[in-house]
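Okay, work-v8.cif is below, mmCIF, C-alpha atoms:
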data_entry
#
loop_
_atom_site.label_atom_id
_atom_site.label_comp_id
_atom_site.auth_asym_id
_atom_site.auth_seq_id
_atom_site.Cartn_x
_atom_site.Cartn_y
_atom_site.Cartn_z
CA MET X 1 47.82 280.56 153.36
CA ASN X 2 50.28 281.74 150.74
CA PRO X 3 53.51 282.22 152.74
CA ARG X 4 54.61 284.98 150.37
CA LEU X 5 51.94 287.23 151.89
CA GLN X 6 54.11 287.44 155.00
CA SER X 7 56.81 289.18 152.98
CA LEU X 8 54.60 292.17 152.14
CA HIS X 9 55.37 295.46 153.87
CA PRO X 10 52.63 297.62 155.44
CA TYR X 11 51.24 300.07 152.92
CA PRO X 12 52.43 303.71 153.35
CA PHE X 13 49.02 304.95 154.48
CA GLU X 14 48.77 302.20 157.09
CA ARG X 15 52.11 303.39 158.43
CA LEU X 16 50.85 306.97 158.33
CA ARG X 17 47.82 306.06 160.46
CA ALA X 18 50.12 304.41 162.98
CA LEU X 19 52.38 307.47 163.00
CA PHE X 20 49.41 309.72 163.80
CA ALA X 21 47.77 307.35 166.28
CA ASP X 22 48.81 309.31 169.38
CA SER X 23 48.55 312.77 167.80
CA THR X 24 45.61 315.13 168.30
CA PRO X 25 45.39 317.72 165.50
CA ASN X 26 44.78 321.36 166.28
CA PRO X 27 40.96 321.62 166.62
CA ALA X 28 40.99 325.29 165.60
CA LEU X 29 42.09 324.37 162.08
CA SER X 30 40.24 322.36 159.44
CA HIS X 31 42.06 319.32 158.13
CA ILE X 32 43.88 319.58 154.81
CA SER X 33 45.29 316.41 153.27
CA LEU X 34 48.23 316.53 150.89
CA GLY X 35 49.02 312.92 151.72
CA ILE X 36 47.12 310.83 149.20
CA GLY X 37 47.43 311.24 145.44
CA GLU X 38 43.70 311.08 144.88
CA PRO X 39 42.47 313.61 142.29
CA GLN X 40 39.90 316.01 143.72
CA HIS X 41 38.87 317.95 140.61
CA PRO X 42 35.29 317.32 139.41
CA THR X 43 34.68 314.45 137.02
CA PRO X 44 33.80 315.87 133.56
CA GLU X 45 30.12 315.79 132.67
CA LEU X 46 30.73 314.04 129.35
CA ILE X 47 32.17 311.04 131.21
CA LYS X 48 29.34 310.89 133.76
CA ARG X 49 26.80 311.19 130.98
CA ALA X 50 28.36 308.36 128.95
CA LEU X 51 28.45 306.20 132.07
CA SER X 52 24.83 306.78 133.03
CA GLU X 53 23.58 306.32 129.46
CA SER X 54 25.28 302.92 129.24
CA LEU X 55 23.89 301.29 132.38
CA ALA X 56 21.69 298.95 130.33
CA LYS X 57 24.89 297.21 129.22
CA LEU X 58 25.36 295.88 132.75
CA ALA X 59 23.04 293.03 131.73
CA ALA X 60 25.81 291.39 129.67
CA TYR X 61 29.18 289.88 130.52
CA PRO X 62 31.98 292.04 129.08
CA PRO X 63 34.84 290.42 127.15
CA THR X 64 38.16 290.42 129.01
CA ALA X 65 39.86 291.95 125.96
CA GLY X 66 37.48 294.91 126.07
CA SER X 67 35.19 296.22 123.37
CA ASP X 68 36.47 297.01 119.88
CA ALA X 69 35.32 300.60 120.37
CA LEU X 70 37.38 301.07 123.53
CA ARG X 71 40.53 299.51 122.12
CA GLN X 72 40.18 301.62 118.98
CA ALA X 73 39.69 304.80 121.05
CA ILE X 74 42.82 304.02 123.09
CA ALA X 75 44.83 303.24 119.95
CA HIS X 76 43.74 306.51 118.33
CA TRP X 77 44.71 308.41 121.49
CA LEU X 78 48.13 306.73 121.57
CA VAL X 79 48.83 307.69 117.95
CA ARG X 80 47.75 311.30 118.56
CA ARG X 81 49.46 311.74 121.92
CA TYR X 82 52.78 310.07 121.13
CA SER X 83 53.07 310.64 117.37
CA LEU X 84 53.21 306.91 116.73
CA ARG X 85 53.17 305.69 113.16
CA ALA X 86 50.50 303.16 114.08
CA ILE X 87 49.46 300.71 116.77
CA ASP X 88 47.36 297.58 116.29
CA TRP X 89 44.32 297.90 118.55
CA ARG X 90 43.59 294.17 118.19
CA THR X 91 46.95 292.91 119.48
CA GLU X 92 48.86 295.81 121.04
CA VAL X 93 46.19 297.38 123.30
CA LEU X 94 44.39 295.88 126.29
CA PRO X 95 42.01 297.73 128.65
CA VAL X 96 42.55 297.16 132.38
CA ASN X 97 40.77 298.11 135.59
CA GLY X 98 43.14 300.92 136.43
CA SER X 99 46.92 300.83 136.17
CA ARG X 100 47.33 299.65 139.78
CA GLU X 101 45.81 296.20 139.28
CA ALA X 102 47.55 295.82 135.94
CA LEU X 103 50.99 296.71 137.32
CA PHE X 104 50.52 294.02 139.94
CA ALA X 105 49.05 291.36 137.65
CA PHE X 106 51.68 291.96 134.99
CA ALA X 107 54.45 290.60 137.20
CA GLN X 108 52.44 287.43 137.77
CA THR X 109 52.44 286.93 134.00
CA VAL X 110 56.07 287.86 133.26
CA VAL X 111 58.04 286.38 136.17
CA ASP X 112 59.05 282.73 135.97
CA PRO X 113 58.41 281.37 139.50
CA ALA X 114 60.63 278.36 138.82
CA ARG X 115 63.64 280.69 138.88
CA SER X 116 64.46 281.13 142.55
CA ASP X 117 66.99 283.85 141.72
CA ALA X 118 64.64 286.00 139.63
CA LEU X 119 64.91 289.75 140.15
CA VAL X 120 62.49 292.60 139.59
CA ILE X 121 64.18 296.01 139.54
CA CYS X 122 62.25 299.11 140.56
CA PRO X 123 63.10 302.73 141.32
CA ASN X 124 63.60 303.75 144.95
CA PRO X 125 61.46 305.64 146.15
CA PHE X 126 58.67 303.83 144.35
CA TYR X 127 55.00 302.91 144.08
CA GLN X 128 54.67 300.01 146.51
CA ILE X 129 52.66 297.89 144.09
CA TYR X 130 55.92 297.13 142.23
CA GLU X 131 57.42 295.55 145.32
CA GLY X 132 54.31 293.56 146.24
CA ALA X 133 53.94 292.32 142.68
CA ALA X 134 57.53 291.07 142.66
CA LEU X 135 57.27 289.35 146.03
CA LEU X 136 54.01 287.56 145.26
CA ALA X 137 55.35 286.48 141.87
CA GLY X 138 58.23 284.77 143.67
CA ALA X 139 60.93 287.25 142.63
CA HIS X 140 63.32 289.35 144.68
CA PRO X 141 62.89 293.15 144.43
CA HIS X 142 66.05 295.11 143.75
CA TYR X 143 65.82 298.80 144.65
CA LEU X 144 67.61 301.32 142.47
CA ASN X 145 68.04 304.63 144.29
CA THR X 146 66.96 307.82 142.51
CA LEU X 147 68.80 310.63 144.27
CA CYS X 148 68.67 314.42 144.14
CA GLU X 149 72.33 314.70 143.11
CA ARG X 150 71.50 312.76 139.91
CA GLY X 151 68.36 314.78 139.22
CA PHE X 152 66.37 311.79 140.53
CA ALA X 153 67.53 309.67 137.59
CA ALA X 154 68.25 305.98 138.15
CA ASP X 155 71.89 304.93 137.95
CA TYR X 156 71.60 301.82 135.80
CA GLU X 157 75.37 301.60 135.44
CA SER X 158 75.61 300.83 139.16
CA VAL X 159 73.77 297.52 138.73
CA PRO X 160 76.27 294.64 138.42
CA GLY X 161 76.05 292.43 135.35
CA ASP X 162 75.18 289.34 137.39
CA LEU X 163 72.07 291.13 138.71
CA TRP X 164 71.00 292.18 135.22
CA ARG X 165 71.31 288.54 134.12
CA ARG X 166 68.84 287.57 136.87
CA THR X 167 66.43 290.40 136.05
CA GLN X 168 63.11 289.42 134.47
CA LEU X 169 61.20 292.68 134.86
CA LEU X 170 62.14 296.34 135.16
CA TYR X 171 59.57 298.79 136.49
CA VAL X 172 59.99 302.36 135.25
CA CYS X 173 57.82 305.29 136.36
CA SER X 174 57.83 308.41 134.18
CA PRO X 175 56.72 310.98 135.23
CA GLY X 176 58.01 309.65 138.51
CA ASN X 177 56.12 309.14 141.74
CA PRO X 178 57.10 310.90 143.98
CA THR X 179 59.86 312.92 142.29
CA GLY X 180 58.17 314.06 139.06
CA LYS X 181 61.24 313.02 137.06
CA VAL X 182 60.59 312.49 133.32
CA LEU X 183 62.84 310.11 131.38
CA GLY X 184 64.55 311.55 128.32
CA LEU X 185 65.40 309.83 125.06
CA ASP X 186 68.99 309.06 126.13
CA GLU X 187 67.72 307.34 129.25
CA TRP X 188 65.29 305.25 127.21
CA LEU X 189 68.09 304.34 124.83
CA GLU X 190 70.09 303.02 127.80
CA ILE X 191 67.10 301.05 129.12
CA PHE X 192 66.36 299.49 125.73
CA ALA X 193 70.00 298.51 125.28
CA LEU X 194 70.01 296.78 128.67
CA ALA X 195 66.75 294.96 127.85
CA ASP X 196 68.17 293.81 124.51
CA ARG X 197 71.36 292.58 126.17
CA HIS X 198 69.77 290.79 129.11
CA GLY X 199 66.29 289.89 127.83
CA PHE X 200 64.13 291.37 130.60
CA VAL X 201 60.70 293.00 130.12
CA ILE X 202 60.11 296.72 130.70
CA ALA X 203 56.93 297.85 132.48
CA SER X 204 56.60 301.61 131.97
CA ASP X 205 54.17 303.18 134.45
CA GLU X 206 52.91 306.41 132.84
CA CYS X 207 49.79 307.16 134.87
CA TYR X 208 50.91 310.78 135.47
CA SER X 209 51.74 311.46 131.83
CA GLU X 210 48.92 313.96 131.26
CA VAL X 211 49.68 316.23 134.22
CA TYR X 212 52.33 318.63 132.93
CA PHE X 213 52.81 322.37 132.69
CA GLU X 214 53.83 323.30 129.14
CA GLU X 215 51.22 322.39 126.53
CA THR X 216 53.89 322.23 123.85
CA SER X 217 56.18 319.88 125.86
CA PRO X 218 54.30 316.77 126.99
CA PRO X 219 56.39 314.08 128.73
CA LEU X 220 58.06 311.55 126.47
CA GLY X 221 56.46 308.11 126.60
CA ALA X 222 58.04 304.67 126.30
CA LEU X 223 56.32 303.73 123.04
CA GLN X 224 57.14 307.14 121.64
CA ALA X 225 60.80 306.74 122.58
CA ALA X 226 60.90 303.31 120.95
CA THR X 227 59.40 304.75 117.77
CA MET X 228 61.83 307.68 117.72
CA LEU X 229 64.73 305.24 118.07
CA GLY X 230 63.49 303.17 115.15
CA ARG X 231 62.64 300.06 117.12
CA GLY X 232 59.48 298.07 117.75
CA PHE X 233 57.74 297.37 121.04
CA GLU X 234 59.55 294.11 121.83
CA ARG X 235 59.79 293.45 125.61
CA LEU X 236 58.07 296.81 126.25
CA VAL X 237 54.64 297.46 127.76
CA MET X 238 53.36 300.83 128.95
CA PHE X 239 50.58 301.41 131.51
CA SER X 240 48.23 304.36 131.53
CA SER X 241 45.10 305.42 133.38
CA LEU X 242 42.16 307.81 133.30
CA SER X 243 42.31 308.43 137.06
CA LYS X 244 44.64 311.43 136.99
CA ARG X 245 44.07 312.46 133.38
CA SER X 246 40.28 312.67 133.64
CA ASN X 247 39.60 312.83 137.40
CA VAL X 248 37.86 309.45 137.60
CA PRO X 249 39.88 307.42 140.15
CA GLY X 250 36.72 305.60 141.22
CA MET X 251 36.00 304.38 137.70
CA ARG X 252 39.12 302.17 137.68
CA SER X 253 39.90 302.45 134.00
CA GLY X 254 43.21 302.28 132.19
CA PHE X 255 45.08 300.28 129.58
CA VAL X 256 48.32 298.53 128.73
CA ALA X 257 49.92 298.75 125.30
CA GLY X 258 53.02 297.43 123.60
CA ASP X 259 54.53 294.03 122.82
CA ALA X 260 51.79 291.92 121.20
CA ALA X 261 53.23 288.58 122.34
CA ILE X 262 53.41 289.70 125.97
CA LEU X 263 49.89 291.15 125.84
CA LYS X 264 48.60 287.85 124.46
CA ALA X 265 49.98 286.08 127.53
CA PHE X 266 48.68 288.86 129.79
CA LEU X 267 45.20 288.48 128.29
CA LEU X 268 45.31 284.76 129.04
CA TYR X 269 46.23 285.51 132.66
CA ARG X 270 43.47 288.11 132.97
CA THR X 271 40.88 285.76 131.48
CA TYR X 272 41.41 283.41 134.42
CA HIS X 273 41.94 286.20 136.93
CA GLY X 274 38.63 287.86 136.03
CA GLY X 275 39.94 291.15 134.71
CA ALA X 276 37.05 292.24 132.47
CA MET X 277 36.04 295.91 132.67
CA ASN X 278 32.48 296.94 133.49
CA PRO X 279 30.74 297.59 130.12
CA ALA X 280 29.31 300.93 131.25
CA VAL X 281 32.78 301.98 132.37
CA GLN X 282 34.07 300.97 128.94
CA GLU X 283 31.62 303.35 127.26
CA ALA X 284 32.56 306.16 129.63
CA SER X 285 36.22 305.42 128.92
CA VAL X 286 35.66 305.77 125.17
CA ALA X 287 34.24 309.23 125.83
CA ALA X 288 37.19 310.15 128.05
CA TRP X 289 39.95 308.97 125.70
CA SER X 290 38.23 310.72 122.78
CA ASP X 291 38.20 314.19 124.38
CA GLU X 292 41.17 316.45 125.16
CA HIS X 293 39.38 319.63 126.20
CA HIS X 294 38.73 318.47 129.75
CA VAL X 295 42.34 317.24 130.03
CA ARG X 296 43.74 320.64 129.08
CA GLU X 297 41.47 322.30 131.64
CA ASN X 298 42.71 319.84 134.24
CA ARG X 299 46.34 320.68 133.47
CA MET X 300 45.61 324.39 133.77
CA LYS X 301 44.31 323.86 137.30
CA TYR X 302 47.44 321.98 138.33
CA ALA X 303 49.69 324.56 136.70
CA GLU X 304 47.90 327.32 138.63
CA LYS X 305 48.36 325.44 141.90
CA PHE X 306 52.07 324.82 141.41
CA ALA X 307 52.61 328.41 140.33
CA GLY X 308 50.92 329.62 143.51
CA VAL X 309 52.06 327.06 146.07
CA THR X 310 55.73 326.59 145.15
CA PRO X 311 56.87 330.20 145.79
CA VAL X 312 55.12 330.17 149.16
CA LEU X 313 56.81 326.95 150.25
CA GLN X 314 60.17 328.17 148.95
CA THR X 315 60.23 330.82 151.68
CA ALA X 316 60.80 328.00 154.18
CA LEU X 317 61.77 324.83 152.28
CA ARG X 318 64.22 323.97 149.45
CA VAL X 319 61.53 322.72 147.12
CA GLU X 320 61.36 322.81 143.32
CA PRO X 321 58.36 322.17 141.04
CA PRO X 322 58.37 318.75 139.35
CA GLU X 323 58.86 318.18 135.64
CA ALA X 324 55.36 316.64 135.60
CA GLY X 325 52.81 315.02 137.90
CA PHE X 326 51.02 316.55 140.87
CA TYR X 327 53.51 315.93 143.70
CA LEU X 328 56.00 318.19 145.40
CA TRP X 329 58.98 316.21 146.74
CA ALA X 330 60.25 318.45 149.51
CA PRO X 331 63.35 318.01 151.72
CA THR X 332 62.68 318.50 155.43
CA PRO X 333 64.85 320.21 158.06
CA ILE X 334 64.13 317.41 160.56
CA ALA X 335 63.37 313.69 160.17
CA ASP X 336 60.54 313.23 157.71
CA THR X 337 58.38 311.20 160.11
CA GLU X 338 58.79 313.80 162.85
CA PHE X 339 58.04 316.60 160.39
CA ALA X 340 54.83 314.88 159.24
CA ARG X 341 53.70 313.98 162.77
CA ARG X 342 54.24 317.44 164.22
CA LEU X 343 52.79 319.21 161.17
CA TYR X 344 49.62 317.15 161.55
CA ALA X 345 49.37 317.87 165.28
CA GLU X 346 50.14 321.59 165.10
CA GLN X 347 48.67 322.62 161.74
CA ASN X 348 46.23 319.78 160.87
CA VAL X 349 47.93 319.24 157.51
CA THR X 350 48.78 315.74 156.29
CA VAL X 351 51.85 315.02 154.18
CA LEU X 352 53.45 311.62 153.51
CA PRO X 353 56.92 310.87 154.92
CA GLY X 354 59.29 310.04 152.08
CA SER X 355 60.87 307.17 153.98
CA PHE X 356 57.51 305.35 153.78
CA LEU X 357 57.90 305.31 149.99
CA ALA X 358 61.39 303.81 149.89
CA ARG X 359 63.54 300.98 151.21
CA ASP X 360 67.04 300.98 152.64
CA SER X 361 69.41 300.31 149.75
CA GLY X 362 73.15 300.90 149.52
CA GLY X 363 73.18 302.00 153.13
CA ILE X 364 70.57 304.74 152.76
CA ASN X 365 66.83 305.26 152.51
CA PRO X 366 66.56 307.74 149.59
CA GLY X 367 63.17 308.94 150.82
CA ALA X 368 64.41 309.86 154.27
CA ASN X 369 64.14 313.55 155.15
CA TYR X 370 61.70 314.20 152.32
CA VAL X 371 57.93 314.51 152.35
CA ARG X 372 55.53 314.07 149.46
CA MET X 373 52.83 316.69 149.03
CA ALA X 374 49.98 315.92 146.64
CA LEU X 375 48.48 319.13 145.24
CA VAL X 376 45.16 317.49 144.47
CA ALA X 377 42.74 319.75 146.35
CA GLU X 378 41.42 323.00 144.94
CA ILE X 379 43.85 325.92 144.83
CA ASP X 380 42.58 327.83 147.89
CA GLU X 381 42.99 324.76 150.08
CA CYS X 382 46.46 324.04 148.68
CA LEU X 383 47.55 327.63 149.31
CA GLU X 384 46.23 327.50 152.87
CA ALA X 385 48.15 324.26 153.44
CA ALA X 386 51.31 325.89 152.08
CA ARG X 387 50.94 328.85 154.45
CA ARG X 388 50.51 326.52 157.41
CA ILE X 389 53.55 324.47 156.39
CA VAL X 390 55.65 327.64 156.17
CA GLU X 391 54.45 328.81 159.59
CA PHE X 392 55.26 325.39 161.08
CA THR X 393 58.68 325.13 159.43
CA ARG X 394 59.84 328.56 160.51
CA LYS X 395 59.30 327.55 164.14
CA LEU X 396 61.55 324.48 163.91
#
Can the structure from this file be put into structure tokens for me?
Amino acid sequence: MNPRLQSLHPYPFERLRALFADSTPNPALSHISLGIGEPQHPTPELIKRALSESLAKLAAYPPTAGSDALRQAIAHWLVRRYSLRAIDWRTEVLPVNGSREALFAFAQTVVDPARSDALVICPNPFYQIYEGAALLAGAHPHYLNTLCERGFAADYESVPGDLWRRTQLLYVCSPGNPTGKVLGLDEWLEIFALADRHGFVIASDECYSEVYFEETSPPLGALQAATMLGRGFERLVMFSSLSKRSNVPGMRSGFVAGDAAILKAFLLYRTYHGGAMNPAVQEASVAAWSDEHHVRENRMKYAEKFAGVTPVLQTALRVEPPEAGFYLWAPTPIADTEFARRLYAEQNVTVLPGSFLARDSGGINPGANYVRMALVAEIDECLEAARRIVEFTRKL
């Protein structure tokens, strides 16, 4: 067996099941889960129709690079969404089976396993795929705390120069999971300068980019920032997905875009790995990337939920709405694990302890005494969960 598998940490939801193992939830209350970031809004009919009408294409092997139509649809969306001058759909766009598998596989392409001192830097708290990808690629993860007192921004200046020289890959998540932090142009300028100086690759995870609350102020993207700063896409690849944007997490459809030379190597890796997308899913993805009406409707639902839920929770918790994304990152008056365990037992509401999403770094776990709440259910259920959380918290 690959000995690196032994270095993997239990996934947060495995730890959550263990935390709840000896708890019996209140049988008088129906269960409400705010724990998993799985979109619950209905899948748009236009996507289901395109999928069902393309089932005959299952009789053929799909190309790993994806169909011309899908890559063109993604490229057109990128130009519209991020005001890019242009992007080459042949060399700078590659469909993937959801951003999760691509974020993992990307490290296997970028990291040089012959370098025993290789580092992969990721935010802390973070999406655990970053850590697993680094470990199985033979690199050492370095966790960069994102703390409330810095507005959940990463302190890149705190990383010593010798660590930057060892860094091969930097994971960035904007809008952030779990904090909702969106990187601004000055922060991207700093990241690009570091990449230019030290030669590492930037993996920009933007799977929450289409869940925001002001139609006129969408989150800034990595490729957009590069364009605004007058640079190309060298050492930069962004990752996006239809799961949150279009409510199709089960379709497993996303893309990577950016540096053509890196994507050429990534395509080679995926050809051997078996990363081709289902041809019917490709057709449904073309329909999804080509339509914005359902995306705006989706955002309106999330905006309504945050507008309703946040004031309720603020009567008991010091919680603020995120800049984007569908998570509330809420500080807890007691240990986050105890808060989650007792809330589940007394109110039958599931939230995710923040410490499960982070690692001890610099003497602290930056997720400790926070919980992540995913406002993915319909509004009535989210409001009921908020009322129960307030009732529980006031008794502490």
Would you please work out which residue, of X:Arg150, X:Arg85, X:Arg4, X:Arg245, is nearest to Gly138 of chain X when using all atoms listed in the file?
X:Arg4
Could you list, as an MDAnalysis selection string, every residue within 10 Å of segment 62-66 of chain X, counting all atoms listed in the file and ignoring same-chain residues fewer than 2 positions away?
chainID X and resid 57:60 68:71 90:91 93:96 255 264 267:268 270:280 282
Enumerate, as a ChimeraX atom specification, the residues matched when the PyMOL selection byres ((chain X and resi 217-220) around 10) is run on the file above.
/X:81-82,174-175,181-185,188,206,208-216,221-225,323-325
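Put simply, atom CA of Leu170 of chain X is 26.3 Å away from atom CA of Met373 of chain X.
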Using all atoms listed in the file, find each residue in segment 97-136 of chain X having at least one atom no more than 10 Å away from segment 158-164 of chain X; report its shortest atom-to-atom pair and that distance in Å (one decimal), rows by chain then rising number, as a Markdown table.
| residue | atom | partner | partner_atom | distance |
| --- | --- | --- | --- | --- |
| X:Asp117 | CA | X:Leu163 | CA | 9.4 |
| X:Ala118 | CA | X:Leu163 | CA | 9.1 |
| X:Leu119 | CA | X:Leu163 | CA | 7.4 |
| X:Val120 | CA | X:Trp164 | CA | 9.6 |
| X:Ile121 | CA | X:Trp164 | CA | 8.9 |
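Coordinates place atom CA of His294 of chain X at a distance of 24.5 Å from atom CA of Ile87 of chain X.
If you apply the PyMOL selection byres ((chain X and resi 34) around 8) to this structure, you end up with Ile32, Ser33, Gly35, Ile36, Gly37, Val349, Thr350, Val351, Leu352, Arg372, Met373, Ala374, Leu375, Val376 and Ala377 of chain X.
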Show me the residues around (47.6, 301.9, 128.1) - criterion: an atom at most 10 Å away, all atoms listed in the file counted - as a ChimeraX atom specification.
/X:71,74-75,77-78,92-96,98-99,102,204-207,237-242,253-258
Residues selected by the PyMOL selection byres ((chain X and resi 284) around 8), written as a ChimeraX atom specification
/X:47-51,54,280-283,285-288
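The environment of Asp259 of chain X within 8 Å, counting all atoms listed in the file and disregarding residues fewer than 3 places along the same chain, consists of Glu92, Phe233, Glu234, Arg235, Leu236, Val237, Ile262 and Leu263 of chain X.
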How about completing segment 129-151 of chain X with N, CA and C atoms and giving it to me as a PDB file, in the coordinates of the input?
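Just written: out-v8.pdb:
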ATOM      1  N   ILE X 129      53.204 299.000 144.852  1.00  0.00           N
ATOM      2  CA  ILE X 129      52.660 297.890 144.090  1.00  0.00           C
ATOM      3  C   ILE X 129      53.773 297.122 143.372  1.00  0.00           C
ATOM      4  N   TYR X 130      54.822 297.815 142.914  1.00  0.00           N
ATOM      5  CA  TYR X 130      55.920 297.130 142.230  1.00  0.00           C
ATOM      6  C   TYR X 130      56.541 296.072 143.147  1.00  0.00           C
ATOM      7  N   GLU X 131      56.793 296.458 144.356  1.00  0.00           N
ATOM      8  CA  GLU X 131      57.420 295.550 145.320  1.00  0.00           C
ATOM      9  C   GLU X 131      56.512 294.366 145.629  1.00  0.00           C
ATOM     10  N   GLY X 132      55.238 294.646 145.937  1.00  0.00           N
ATOM     11  CA  GLY X 132      54.310 293.560 146.240  1.00  0.00           C
ATOM     12  C   GLY X 132      54.124 292.614 145.080  1.00  0.00           C
ATOM     13  N   ALA X 133      54.088 293.161 143.867  1.00  0.00           N
ATOM     14  CA  ALA X 133      53.940 292.320 142.680  1.00  0.00           C
ATOM     15  C   ALA X 133      55.132 291.383 142.537  1.00  0.00           C
ATOM     16  N   ALA X 134      56.333 291.906 142.767  1.00  0.00           N
ATOM     17  CA  ALA X 134      57.530 291.070 142.660  1.00  0.00           C
ATOM     18  C   ALA X 134      57.530 289.969 143.707  1.00  0.00           C
ATOM     19  N   LEU X 135      57.230 290.332 144.943  1.00  0.00           N
ATOM     20  CA  LEU X 135      57.270 289.350 146.030  1.00  0.00           C
ATOM     21  C   LEU X 135      56.260 288.237 145.820  1.00  0.00           C
ATOM     22  N   LEU X 136      55.045 288.582 145.430  1.00  0.00           N
ATOM     23  CA  LEU X 136      54.010 287.560 145.260  1.00  0.00           C
ATOM     24  C   LEU X 136      54.198 286.753 143.985  1.00  0.00           C
ATOM     25  N   ALA X 137      55.014 287.258 143.065  1.00  0.00           N
ATOM     26  CA  ALA X 137      55.350 286.480 141.870  1.00  0.00           C
ATOM     27  C   ALA X 137      56.524 285.534 142.137  1.00  0.00           C
ATOM     28  N   GLY X 138      57.122 285.637 143.322  1.00  0.00           N
ATOM     29  CA  GLY X 138      58.230 284.770 143.670  1.00  0.00           C
ATOM     30  C   GLY X 138      59.593 285.321 143.297  1.00  0.00           C
ATOM     31  N   ALA X 139      59.664 286.620 142.991  1.00  0.00           N
ATOM     32  CA  ALA X 139      60.930 287.250 142.630  1.00  0.00           C
ATOM     33  C   ALA X 139      61.454 288.071 143.808  1.00  0.00           C
ATOM     34  N   HIS X 140      62.698 288.503 143.677  1.00  0.00           N
ATOM     35  CA  HIS X 140      63.320 289.350 144.680  1.00  0.00           C
ATOM     36  C   HIS X 140      63.355 290.787 144.150  1.00  0.00           C
ATOM     37  N   PRO X 141      62.787 291.756 144.884  1.00  0.00           N
ATOM     38  CA  PRO X 141      62.890 293.150 144.430  1.00  0.00           C
ATOM     39  C   PRO X 141      64.317 293.662 144.610  1.00  0.00           C
ATOM     40  N   HIS X 142      64.766 294.419 143.636  1.00  0.00           N
ATOM     41  CA  HIS X 142      66.050 295.110 143.750  1.00  0.00           C
ATOM     42  C   HIS X 142      65.765 296.599 143.602  1.00  0.00           C
ATOM     43  N   TYR X 143      66.186 297.387 144.592  1.00  0.00           N
ATOM     44  CA  TYR X 143      65.820 298.800 144.650  1.00  0.00           C
ATOM     45  C   TYR X 143      66.950 299.657 144.111  1.00  0.00           C
ATOM     46  N   LEU X 144      66.621 300.479 143.120  1.00  0.00           N
ATOM     47  CA  LEU X 144      67.610 301.320 142.470  1.00  0.00           C
ATOM     48  C   LEU X 144      67.355 302.770 142.881  1.00  0.00           C
ATOM     49  N   ASN X 145      68.235 303.302 143.714  1.00  0.00           N
ATOM     50  CA  ASN X 145      68.040 304.630 144.290  1.00  0.00           C
ATOM     51  C   ASN X 145      67.987 305.716 143.215  1.00  0.00           C
ATOM     52  N   THR X 146      67.038 306.637 143.358  1.00  0.00           N
ATOM     53  CA  THR X 146      66.960 307.820 142.510  1.00  0.00           C
ATOM     54  C   THR X 146      67.181 309.029 143.423  1.00  0.00           C
ATOM     55  N   LEU X 147      68.353 309.626 143.315  1.00  0.00           N
ATOM     56  CA  LEU X 147      68.800 310.630 144.270  1.00  0.00           C
ATOM     57  C   LEU X 147      68.811 312.030 143.674  1.00  0.00           C
ATOM     58  N   CYS X 148      68.702 313.019 144.561  1.00  0.00           N
ATOM     59  CA  CYS X 148      68.670 314.420 144.140  1.00  0.00           C
ATOM     60  C   CYS X 148      69.911 314.799 143.346  1.00  0.00           C
ATOM     61  N   GLU X 149      71.087 314.308 143.777  1.00  0.00           N
ATOM     62  CA  GLU X 149      72.330 314.700 143.110  1.00  0.00           C
ATOM     63  C   GLU X 149      72.421 314.197 141.676  1.00  0.00           C
ATOM     64  N   ARG X 150      71.567 313.235 141.300  1.00  0.00           N
ATOM     65  CA  ARG X 150      71.500 312.760 139.910  1.00  0.00           C
ATOM     66  C   ARG X 150      70.240 313.277 139.223  1.00  0.00           C
ATOM     67  N   GLY X 151      69.610 314.290 139.800  1.00  0.00           N
ATOM     68  CA  GLY X 151      68.360 314.780 139.220  1.00  0.00           C
ATOM     69  C   GLY X 151      67.256 313.768 139.292  1.00  0.00           C
TER      70      GLY X 151
END
